[in-house]
file query35.pdb (PDB, C-alpha atoms, pLDDT in the B column)
MODEL        1
ATOM      1  CA  MET A 702      24.906  36.991 -26.779  1.00 54.00           C
ATOM      2  CA  GLN A 703      28.147  36.508 -28.719  1.00 61.00           C
ATOM      3  CA  SER A 704      30.965  38.692 -27.406  1.00 69.00           C
ATOM      4  CA  HIS A 705      33.146  40.968 -29.484  1.00 74.00           C
ATOM      5  CA  PHE A 706      36.088  38.662 -28.684  1.00 80.00           C
ATOM      6  CA  GLU A 707      34.283  35.689 -30.204  1.00 86.00           C
ATOM      7  CA  ARG A 708      33.351  37.628 -33.333  1.00 88.00           C
ATOM      8  CA  GLN A 709      36.919  38.806 -33.854  1.00 90.00           C
ATOM      9  CA  LEU A 710      38.344  35.312 -33.397  1.00 93.00           C
ATOM     10  CA  GLU A 711      35.759  33.804 -35.737  1.00 94.00           C
ATOM     11  CA  SER A 712      36.542  36.467 -38.348  1.00 94.00           C
ATOM     12  CA  ALA A 713      40.278  35.682 -38.208  1.00 94.00           C
ATOM     13  CA  ILE A 714      39.602  31.957 -38.559  1.00 94.00           C
ATOM     14  CA  LEU A 715      37.116  32.381 -41.419  1.00 95.00           C
ATOM     15  CA  THR A 716      39.420  34.727 -43.330  1.00 95.00           C
ATOM     16  CA  TYR A 717      42.209  32.160 -43.094  1.00 94.00           C
ATOM     17  CA  GLU A 718      39.962  29.284 -44.175  1.00 93.00           C
ATOM     18  CA  THR A 719      38.641  31.271 -47.148  1.00 94.00           C
ATOM     19  CA  THR A 720      42.180  32.148 -48.220  1.00 94.00           C
ATOM     20  CA  ILE A 721      43.319  28.517 -47.971  1.00 93.00           C
ATOM     21  CA  GLU A 722      40.385  27.368 -50.105  1.00 92.00           C
ATOM     22  CA  ASN A 723      41.622  29.610 -52.902  1.00 92.00           C
ATOM     23  CA  CYS A 724      45.229  28.369 -52.660  1.00 92.00           C
ATOM     24  CA  ARG A 725      46.706  25.557 -54.701  1.00 91.00           C
ATOM     25  CA  PHE A 726      48.703  24.119 -51.806  1.00 88.00           C
ATOM     26  CA  ASP A 727      47.138  22.821 -48.597  1.00 84.00           C
ATOM     27  CA  ASP A 728      49.573  24.771 -46.412  1.00 79.00           C
ATOM     28  CA  GLY A 729      48.717  28.033 -48.167  1.00 87.00           C
ATOM     29  CA  SER A 730      52.338  28.637 -49.092  1.00 88.00           C
ATOM     30  CA  ASP A 731      51.302  30.159 -52.426  1.00 91.00           C
ATOM     31  CA  MET A 732      49.214  32.934 -50.820  1.00 92.00           C
ATOM     32  CA  GLY A 733      52.261  35.188 -50.716  1.00 90.00           C
ATOM     33  CA  PRO A 734      54.192  36.647 -47.755  1.00 89.00           C
ATOM     34  CA  GLU A 735      52.163  39.867 -47.567  1.00 91.00           C
ATOM     35  CA  ARG A 736      48.834  38.056 -47.335  1.00 93.00           C
ATOM     36  CA  CYS A 737      50.324  35.690 -44.774  1.00 92.00           C
ATOM     37  CA  LYS A 738      51.475  38.659 -42.702  1.00 91.00           C
ATOM     38  CA  GLN A 739      47.996  40.231 -42.873  1.00 93.00           C
ATOM     39  CA  LEU A 740      46.334  37.051 -41.652  1.00 94.00           C
ATOM     40  CA  MET A 741      48.888  36.606 -38.876  1.00 93.00           C
ATOM     41  CA  THR A 742      48.295  40.171 -37.710  1.00 92.00           C
ATOM     42  CA  GLY A 743      44.558  39.498 -37.576  1.00 93.00           C
ATOM     43  CA  CYS A 744      45.067  36.370 -35.489  1.00 93.00           C
ATOM     44  CA  LEU A 745      47.455  38.047 -33.071  1.00 91.00           C
ATOM     45  CA  ALA A 746      45.152  41.044 -32.648  1.00 89.00           C
ATOM     46  CA  ALA A 747      42.175  38.804 -31.860  1.00 89.00           C
ATOM     47  CA  ILE A 748      44.124  36.747 -29.328  1.00 88.00           C
ATOM     48  CA  GLU A 749      45.740  39.749 -27.652  1.00 83.00           C
ATOM     49  CA  ARG A 750      42.443  41.571 -27.279  1.00 80.00           C
ATOM     50  CA  ALA A 751      40.777  38.557 -25.711  1.00 79.00           C
ATOM     51  CA  VAL A 752      43.442  37.426 -23.234  1.00 76.00           C
ATOM     52  CA  GLY A 753      46.437  39.776 -23.465  1.00 74.00           C
ATOM     53  CA  ARG A 754      50.069  39.190 -24.383  1.00 74.00           C
ATOM     54  CA  ASP A 755      50.933  37.494 -21.106  1.00 68.00           C
ATOM     55  CA  SER A 756      48.584  34.589 -21.734  1.00 72.00           C
ATOM     56  CA  ILE A 757      49.600  31.065 -22.678  1.00 75.00           C
ATOM     57  CA  HIS A 758      47.507  31.426 -25.825  1.00 79.00           C
ATOM     58  CA  TYR A 759      49.529  34.401 -27.059  1.00 80.00           C
ATOM     59  CA  GLU A 760      52.819  32.730 -26.161  1.00 80.00           C
ATOM     60  CA  GLN A 761      51.916  29.809 -28.415  1.00 81.00           C
ATOM     61  CA  THR A 762      51.763  32.139 -31.436  1.00 83.00           C
ATOM     62  CA  GLN A 763      55.376  33.300 -31.220  1.00 75.00           C
ATOM     63  CA  VAL A 764      56.716  33.662 -34.727  1.00 66.00           C
ATOM     64  CA  SER A 765      59.719  31.643 -35.855  1.00 59.00           C
ATOM     65  CA  GLN A 766      62.932  33.517 -36.618  1.00 54.00           C
ATOM     66  CA  TYR A 767      63.046  31.759 -39.987  1.00 55.00           C
ATOM     67  CA  PRO A 768      60.996  33.480 -42.760  1.00 60.00           C
ATOM     68  CA  SER A 769      60.452  30.139 -44.470  1.00 59.00           C
ATOM     69  CA  HIS A 770      58.328  29.038 -41.493  1.00 72.00           C
ATOM     70  CA  GLN A 771      55.841  31.892 -41.761  1.00 85.00           C
ATOM     71  CA  PHE A 772      53.040  29.760 -43.239  1.00 88.00           C
ATOM     72  CA  SER A 773      53.354  27.109 -40.529  1.00 87.00           C
ATOM     73  CA  ASP A 774      53.454  29.930 -37.952  1.00 89.00           C
ATOM     74  CA  LEU A 775      50.181  31.214 -39.377  1.00 91.00           C
ATOM     75  CA  ALA A 776      48.571  27.787 -39.243  1.00 90.00           C
ATOM     76  CA  ARG A 777      49.618  27.462 -35.600  1.00 89.00           C
ATOM     77  CA  ALA A 778      48.171  30.903 -34.781  1.00 91.00           C
ATOM     78  CA  VAL A 779      44.859  29.927 -36.378  1.00 92.00           C
ATOM     79  CA  GLY A 780      44.868  26.766 -34.286  1.00 92.00           C
ATOM     80  CA  VAL A 781      45.344  28.877 -31.168  1.00 91.00           C
ATOM     81  CA  CYS A 782      42.421  31.074 -32.260  1.00 91.00           C
ATOM     82  CA  ARG A 783      40.220  28.005 -32.590  1.00 92.00           C
ATOM     83  CA  SER A 784      41.254  26.715 -29.162  1.00 88.00           C
ATOM     84  CA  LEU A 785      40.722  30.093 -27.517  1.00 87.00           C
ATOM     85  CA  LEU A 786      37.348  30.531 -29.182  1.00 88.00           C
ATOM     86  CA  GLU A 787      36.240  27.165 -27.826  1.00 86.00           C
ATOM     87  CA  ASP A 788      37.450  28.076 -24.336  1.00 81.00           C
ATOM     88  CA  ILE A 789      35.497  31.348 -24.383  1.00 81.00           C
ATOM     89  CA  LYS A 790      32.319  29.696 -25.680  1.00 81.00           C
ATOM     90  CA  ASN A 791      32.514  27.086 -22.935  1.00 76.00           C
ATOM     91  CA  GLY A 792      33.109  29.728 -20.264  1.00 70.00           C
ATOM     92  CA  TYR A 793      36.545  28.393 -19.318  1.00 66.00           C
ATOM     93  CA  LEU A 794      38.158  31.783 -18.939  1.00 60.00           C
ATOM     94  CA  GLN A 795      37.661  35.466 -18.327  1.00 53.00           C
ATOM     95  CA  SER A 796      39.665  38.009 -20.259  1.00 53.00           C
ATOM     96  CA  LEU A 797      42.284  39.931 -18.297  1.00 44.00           C
ATOM     97  CA  SER A 798      40.316  43.137 -18.803  1.00 51.00           C
ATOM     98  CA  GLU A 799      37.183  41.517 -17.331  1.00 53.00           C
ATOM     99  CA  VAL A 800      39.066  40.570 -14.182  1.00 48.00           C
ATOM    100  CA  ILE A 801      40.569  44.052 -13.808  1.00 44.00           C
ATOM    101  CA  HIS A 802      37.217  45.763 -14.338  1.00 54.00           C
ATOM    102  CA  SER A 803      35.479  43.443 -11.902  1.00 54.00           C
ATOM    103  CA  ASP A 804      38.063  44.037  -9.161  1.00 56.00           C
ATOM    104  CA  MET A 805      38.111  47.790  -9.703  1.00 59.00           C
ATOM    105  CA  PHE A 806      34.337  48.164  -9.565  1.00 60.00           C
ATOM    106  CA  ALA A 807      34.133  45.922  -6.503  1.00 72.00           C
ATOM    107  CA  ASP A 808      36.469  48.330  -4.659  1.00 79.00           C
ATOM    108  CA  TYR A 809      34.287  51.341  -5.467  1.00 84.00           C
ATOM    109  CA  LEU A 810      31.131  49.524  -4.445  1.00 89.00           C
ATOM    110  CA  GLU A 811      32.736  48.541  -1.140  1.00 88.00           C
ATOM    111  CA  MET A 812      33.558  52.223  -0.619  1.00 87.00           C
ATOM    112  CA  ALA A 813      29.952  53.150  -1.361  1.00 90.00           C
ATOM    113  CA  GLU A 814      28.698  50.484   1.033  1.00 91.00           C
ATOM    114  CA  HIS A 815      30.980  51.751   3.808  1.00 87.00           C
ATOM    115  CA  LEU A 816      29.818  55.343   3.310  1.00 89.00           C
ATOM    116  CA  ASN A 817      26.169  54.309   3.373  1.00 90.00           C
ATOM    117  CA  ASN A 818      26.696  52.325   6.584  1.00 90.00           C
ATOM    118  CA  GLN A 819      28.283  55.417   8.141  1.00 89.00           C
ATOM    119  CA  GLY A 820      25.255  57.542   7.298  1.00 91.00           C
ATOM    120  CA  TYR A 821      26.528  59.168   4.102  1.00 90.00           C
ATOM    121  CA  LYS A 822      23.837  57.816   1.812  1.00 93.00           C
ATOM    122  CA  ASP A 823      24.062  60.650  -0.707  1.00 93.00           C
ATOM    123  CA  ALA A 824      27.790  60.250  -1.408  1.00 89.00           C
ATOM    124  CA  ALA A 825      27.291  56.475  -1.475  1.00 90.00           C
ATOM    125  CA  ALA A 826      24.542  56.780  -4.097  1.00 94.00           C
ATOM    126  CA  VAL A 827      26.697  59.009  -6.307  1.00 90.00           C
ATOM    127  CA  ILE A 828      29.690  56.638  -6.128  1.00 90.00           C
ATOM    128  CA  ALA A 829      27.563  53.553  -6.805  1.00 92.00           C
ATOM    129  CA  GLY A 830      25.812  55.249  -9.723  1.00 92.00           C
ATOM    130  CA  SER A 831      29.084  56.490 -11.193  1.00 89.00           C
ATOM    131  CA  THR A 832      30.487  52.969 -10.914  1.00 90.00           C
ATOM    132  CA  LEU A 833      27.471  51.671 -12.825  1.00 94.00           C
ATOM    133  CA  GLU A 834      27.936  54.268 -15.564  1.00 92.00           C
ATOM    134  CA  ALA A 835      31.634  53.400 -15.895  1.00 89.00           C
ATOM    135  CA  HIS A 836      30.707  49.733 -16.188  1.00 92.00           C
ATOM    136  CA  LEU A 837      28.168  50.493 -18.923  1.00 94.00           C
ATOM    137  CA  LYS A 838      30.887  52.289 -20.879  1.00 91.00           C
ATOM    138  CA  ALA A 839      33.202  49.293 -20.447  1.00 88.00           C
ATOM    139  CA  ILE A 840      30.495  46.950 -21.765  1.00 91.00           C
ATOM    140  CA  CYS A 841      30.016  49.283 -24.728  1.00 91.00           C
ATOM    141  CA  PHE A 842      33.731  49.036 -25.496  1.00 86.00           C
ATOM    142  CA  LYS A 843      33.524  45.249 -25.289  1.00 85.00           C
ATOM    143  CA  HIS A 844      30.708  45.215 -27.861  1.00 86.00           C
ATOM    144  CA  GLY A 845      32.168  47.891 -30.122  1.00 87.00           C
ATOM    145  CA  ILE A 846      29.532  50.499 -29.238  1.00 90.00           C
ATOM    146  CA  PRO A 847      30.680  54.159 -29.287  1.00 90.00           C
ATOM    147  CA  THR A 848      30.341  56.091 -26.021  1.00 91.00           C
ATOM    148  CA  THR A 849      30.803  59.542 -27.524  1.00 88.00           C
ATOM    149  CA  SER A 850      29.285  61.629 -30.286  1.00 85.00           C
ATOM    150  CA  GLY A 851      32.226  63.569 -31.628  1.00 82.00           C
ATOM    151  CA  THR A 852      33.918  64.849 -28.475  1.00 81.00           C
ATOM    152  CA  LYS A 853      30.713  64.800 -26.415  1.00 86.00           C
ATOM    153  CA  PRO A 854      30.129  61.797 -24.094  1.00 87.00           C
ATOM    154  CA  LEU A 855      26.812  60.029 -24.591  1.00 90.00           C
ATOM    155  CA  LYS A 856      24.459  59.864 -21.614  1.00 92.00           C
ATOM    156  CA  ALA A 857      24.215  56.679 -19.567  1.00 94.00           C
ATOM    157  CA  ASP A 858      20.520  56.230 -20.405  1.00 95.00           C
ATOM    158  CA  GLY A 859      21.372  56.192 -24.105  1.00 94.00           C
ATOM    159  CA  LEU A 860      24.161  53.659 -23.587  1.00 95.00           C
ATOM    160  CA  ASN A 861      21.776  51.505 -21.566  1.00 96.00           C
ATOM    161  CA  ALA A 862      19.202  51.533 -24.365  1.00 96.00           C
ATOM    162  CA  GLU A 863      21.787  50.669 -27.014  1.00 95.00           C
ATOM    163  CA  LEU A 864      23.280  47.830 -24.963  1.00 95.00           C
ATOM    164  CA  ALA A 865      19.845  46.297 -24.447  1.00 95.00           C
ATOM    165  CA  LYS A 866      19.144  46.698 -28.158  1.00 94.00           C
ATOM    166  CA  ARG A 867      22.347  44.790 -28.935  1.00 92.00           C
ATOM    167  CA  LYS A 868      21.278  42.146 -26.400  1.00 92.00           C
ATOM    168  CA  ALA A 869      24.321  42.701 -24.200  1.00 93.00           C
ATOM    169  CA  TYR A 870      21.845  42.085 -21.383  1.00 95.00           C
ATOM    170  CA  SER A 871      18.108  41.616 -20.886  1.00 94.00           C
ATOM    171  CA  LYS A 872      15.243  44.113 -21.038  1.00 95.00           C
ATOM    172  CA  ILE A 873      14.710  43.527 -17.329  1.00 96.00           C
ATOM    173  CA  ASP A 874      18.296  44.614 -16.671  1.00 96.00           C
ATOM    174  CA  GLN A 875      17.688  47.670 -18.844  1.00 97.00           C
ATOM    175  CA  LYS A 876      14.651  48.701 -16.766  1.00 97.00           C
ATOM    176  CA  ASN A 877      16.525  48.125 -13.520  1.00 97.00           C
ATOM    177  CA  ILE A 878      19.478  50.179 -14.734  1.00 97.00           C
ATOM    178  CA  THR A 879      17.139  53.023 -15.666  1.00 97.00           C
ATOM    179  CA  ALA A 880      15.836  53.019 -12.081  1.00 97.00           C
ATOM    180  CA  TRP A 881      19.353  52.846 -10.619  1.00 97.00           C
ATOM    181  CA  LEU A 882      20.498  55.766 -12.754  1.00 96.00           C
ATOM    182  CA  GLY A 883      17.432  57.659 -11.612  1.00 96.00           C
ATOM    183  CA  LEU A 884      18.399  57.266  -7.962  1.00 96.00           C
ATOM    184  CA  ARG A 885      21.963  58.357  -8.788  1.00 93.00           C
ATOM    185  CA  ASN A 886      20.613  61.444 -10.558  1.00 93.00           C
ATOM    186  CA  ASN A 887      18.494  62.313  -7.533  1.00 94.00           C
ATOM    187  CA  ALA A 888      21.620  62.214  -5.363  1.00 93.00           C
ATOM    188  CA  ALA A 889      23.698  64.196  -7.840  1.00 90.00           C
ATOM    189  CA  HIS A 890      21.028  66.905  -8.137  1.00 91.00           C
ATOM    190  CA  GLY A 891      20.462  67.310  -4.413  1.00 92.00           C
ATOM    191  CA  GLU A 892      17.095  65.563  -4.209  1.00 93.00           C
ATOM    192  CA  TYR A 893      18.133  63.763  -1.044  1.00 93.00           C
ATOM    193  CA  SER A 894      14.629  63.163   0.312  1.00 95.00           C
ATOM    194  CA  ALA A 895      13.666  61.092  -2.736  1.00 95.00           C
ATOM    195  CA  TYR A 896      15.390  57.985  -1.321  1.00 96.00           C
ATOM    196  CA  ASP A 897      16.642  56.545   1.960  1.00 96.00           C
ATOM    197  CA  GLU A 898      19.581  54.469   3.195  1.00 96.00           C
ATOM    198  CA  SER A 899      17.814  51.161   2.612  1.00 97.00           C
ATOM    199  CA  GLN A 900      17.256  52.051  -1.047  1.00 97.00           C
ATOM    200  CA  VAL A 901      20.916  52.978  -1.438  1.00 96.00           C
ATOM    201  CA  SER A 902      21.888  49.676   0.161  1.00 96.00           C
ATOM    202  CA  LEU A 903      19.697  47.849  -2.352  1.00 97.00           C
ATOM    203  CA  LEU A 904      21.189  49.959  -5.160  1.00 97.00           C
ATOM    204  CA  ILE A 905      24.721  48.932  -4.219  1.00 96.00           C
ATOM    205  CA  SER A 906      23.929  45.209  -3.924  1.00 95.00           C
ATOM    206  CA  SER A 907      21.974  45.277  -7.202  1.00 96.00           C
ATOM    207  CA  ILE A 908      24.815  46.960  -9.088  1.00 95.00           C
ATOM    208  CA  ARG A 909      27.290  44.500  -7.568  1.00 91.00           C
ATOM    209  CA  ASP A 910      25.167  41.588  -8.834  1.00 93.00           C
ATOM    210  CA  PHE A 911      24.847  43.170 -12.286  1.00 94.00           C
ATOM    211  CA  VAL A 912      28.597  43.753 -12.604  1.00 90.00           C
ATOM    212  CA  SER A 913      29.220  40.140 -11.593  1.00 87.00           C
ATOM    213  CA  ARG A 914      26.690  38.755 -14.091  1.00 89.00           C
ATOM    214  CA  THR A 915      27.665  41.061 -16.958  1.00 90.00           C
ATOM    215  CA  PRO A 916      31.475  41.355 -17.044  1.00 84.00           C
ATOM    216  CA  ALA A 917      33.257  43.866 -19.237  1.00 79.00           C
TER     217      ALA A 917
ENDMDL
END
call {"tool": "encode", "arguments": {"input": "query35.pdb", "output": "structure tokens"}}
result
Amino acid sequence: MQSHFERQLESAILTYETTIENCRFDDGSDMGPERCKQLMTGCLAAIERAVGRDSIHYEQTQVSQYPSHQFSDLARAVGVCRSLLEDIKNGYLQSLSEVIHSDMFADYLEMAEHLNNQGYKDAAAVIAGSTLEAHLKAICFKHGIPTTSGTKPLKADGLNAELAKRKAYSKIDQKNITAWLGLRNNAAHGEYSAYDESQVSLLISSIRDFVSRTPA
């Protein structure tokens, strides 16, 4: 499944290539400064969203202090987009946001695991389930899927269905997530006899595996 980062990078590259095809000069210097600025903004936005401003990719797009160099600056930025797109497709990097999300969710799941081991299965189930729901929302953001209807948050089951529909993950994952959310709902609604500690332990390890396989 192509990520939102890939689509945005490809769009920036294609827009540049289409513009150049309609220019008289190979360097695109007749496209005009405003159009050049628009294309540069698109490239920078795509790169920043994928890897952040602190990345080597973003550093390579630094604009020259001389206005006359703006078209060569744009060409360099497009080259960076192409390089970054190739890196992402080949799995050579994770975005900064993916790393942060992964670390954050791992901490919560460790907390849930500790609570379950200490006999607090109900609190552990709620924390693990809430972590899963937060991760689903993060994946939605990654794929440009809204998580609210107006000011009202959409339910996790609905997000799960939409993510599977967009092929963010498999139908098997969708069914598993439905079951995991069900266990979380049992815990949240006081139906504590509907599950035991071993099921909560399996819930935590399953969510941990899912988060690892499906980064946001």
call {"tool": "atom_distance", "arguments": {"input": "query35.pdb", "atom1": "CA of Glu898 (chain A)", "atom2": "CA of Asn861 (chain A)"}}
result
25.0 Å
call {"tool": "atom_distance", "arguments": {"input": "query35.pdb", "atom1": "CA of Ala751 (chain A)", "atom2": "CA of Ala862 (chain A)"}}
result
25.2 Å
call {"tool": "residues_around", "arguments": {"input": "query35.pdb", "residues": "His758 (chain A)", "least_positions_apart": "2", "cutoff": "12 Å", "atoms": "only C-alpha atoms", "output": "list in words"}}
result
Cys744, Leu745, Ala747, Ile748, Glu749, Arg750, Ala751, Val752, Gly753, Arg754, Asp755, Ser756, Glu760, Gln761, Thr762, Gln763, Arg777, Ala778, Val779, Gly780, Val781, Cys782, Arg783, Ser784, Leu785, Leu786, Asp788, Leu794 and Ser796 of chain A
call {"tool": "residues_near_point", "arguments": {"input": "query35.pdb", "point": "(28.9, 41.4, -16.0)", "cutoff": "10 Å", "atoms": "all atoms listed in the file", "output": "JSON, numbers by chain"}}
result
{"A": [799, 802, 803, 836, 837, 840, 869, 870, 908, 909, 910, 911, 912, 913, 914, 915, 916, 917]}
call {"tool": "resolve_selection", "arguments": {"input": "query35.pdb", "expression": "the PyMOL selection byres ((chain A and resi 771) around 12)", "output": "ChimeraX atom specification"}}
result
/A:728-742,762-770,772-778
call {"tool": "resolve_selection", "arguments": {"input": "query35.pdb", "expression": "the PyMOL selection byres ((chain A and resi 844) around 12)", "output": "PyMOL selection string"}}
result
chain A and resi 702-709+837-843+845-848+860+863-870+916-917
call {"tool": "write_last_selection", "arguments": {"input": "query35.pdb", "atoms": "C-alpha atoms", "output": "mmCIF file, in the frame of the given file"}}
result
data_model
loop_
_atom_site.group_PDB
_atom_site.id
_atom_site.type_symbol
_atom_site.label_atom_id
_atom_site.label_comp_id
_atom_site.auth_asym_id
_atom_site.auth_seq_id
_atom_site.Cartn_x
_atom_site.Cartn_y
_atom_site.Cartn_z
ATOM 1 C CA MET A 702 24.906 36.991 -26.779
ATOM 2 C CA GLN A 703 28.147 36.508 -28.719
ATOM 3 C CA SER A 704 30.965 38.692 -27.406
ATOM 4 C CA HIS A 705 33.146 40.968 -29.484
ATOM 5 C CA PHE A 706 36.088 38.662 -28.684
ATOM 6 C CA GLU A 707 34.283 35.689 -30.204
ATOM 7 C CA ARG A 708 33.351 37.628 -33.333
ATOM 8 C CA GLN A 709 36.919 38.806 -33.854
ATOM 9 C CA LEU A 837 28.168 50.493 -18.923
ATOM 10 C CA LYS A 838 30.887 52.289 -20.879
ATOM 11 C CA ALA A 839 33.202 49.293 -20.447
ATOM 12 C CA ILE A 840 30.495 46.950 -21.765
ATOM 13 C CA CYS A 841 30.016 49.283 -24.728
ATOM 14 C CA PHE A 842 33.731 49.036 -25.496
ATOM 15 C CA LYS A 843 33.524 45.249 -25.289
ATOM 16 C CA GLY A 845 32.168 47.891 -30.122
ATOM 17 C CA ILE A 846 29.532 50.499 -29.238
ATOM 18 C CA PRO A 847 30.680 54.159 -29.287
ATOM 19 C CA THR A 848 30.341 56.091 -26.021
ATOM 20 C CA LEU A 860 24.161 53.659 -23.587
ATOM 21 C CA GLU A 863 21.787 50.669 -27.014
ATOM 22 C CA LEU A 864 23.280 47.830 -24.963
ATOM 23 C CA ALA A 865 19.845 46.297 -24.447
ATOM 24 C CA LYS A 866 19.144 46.698 -28.158
ATOM 25 C CA ARG A 867 22.347 44.790 -28.935
ATOM 26 C CA LYS A 868 21.278 42.146 -26.400
ATOM 27 C CA ALA A 869 24.321 42.701 -24.200
ATOM 28 C CA TYR A 870 21.845 42.085 -21.383
ATOM 29 C CA PRO A 916 31.475 41.355 -17.044
ATOM 30 C CA ALA A 917 33.257 43.866 -19.237
#
call {"tool": "residues_around", "arguments": {"input": "query35.pdb", "residues": "Ala813 (chain A)", "least_positions_apart": "2", "cutoff": "10 Å", "atoms": "only C-alpha atoms", "output": "PyMOL selection string"}}
result
chain A and resi 807-811+815-819+821-830+832+901-902+905
call {"tool": "atom_distance", "arguments": {"input": "query35.pdb", "atom1": "CA of Leu833 (chain A)", "atom2": "CA of Gly851 (chain A)"}}
result
22.8 Å
call {"tool": "closest_residue", "arguments": {"input": "query35.pdb", "among": "A:Glu787, A:Thr852, A:Glu711, A:Leu884", "to": "Asp897 (chain A)", "atoms": "all atoms listed in the file"}}
result
A:Leu884
call {"tool": "closest_residue", "arguments": {"input": "query35.pdb", "among": "A:Ser907, A:Asn791, A:Ser712, A:Thr720", "to": "Asp874 (chain A)", "atoms": "all atoms listed in the file"}}
result
A:Ser907
call {"tool": "closest_residue", "arguments": {"input": "query35.pdb", "among": "A:Ala895, A:Leu904, A:Ala713, A:Ile789", "to": "Ser831 (chain A)", "atoms": "all atoms listed in the file"}}
result
A:Leu904
call {"tool": "axis_aligned_box", "arguments": {"input": "query35.pdb", "around": "region 768-779 of chain A", "padding_each_side": "3 Å", "output": "AutoDock Vina command-line options"}}
result
--center_x 52.9 --center_y 30.3 --center_z -39.6 --size_x 22.1 --size_y 12.4 --size_z 15.7
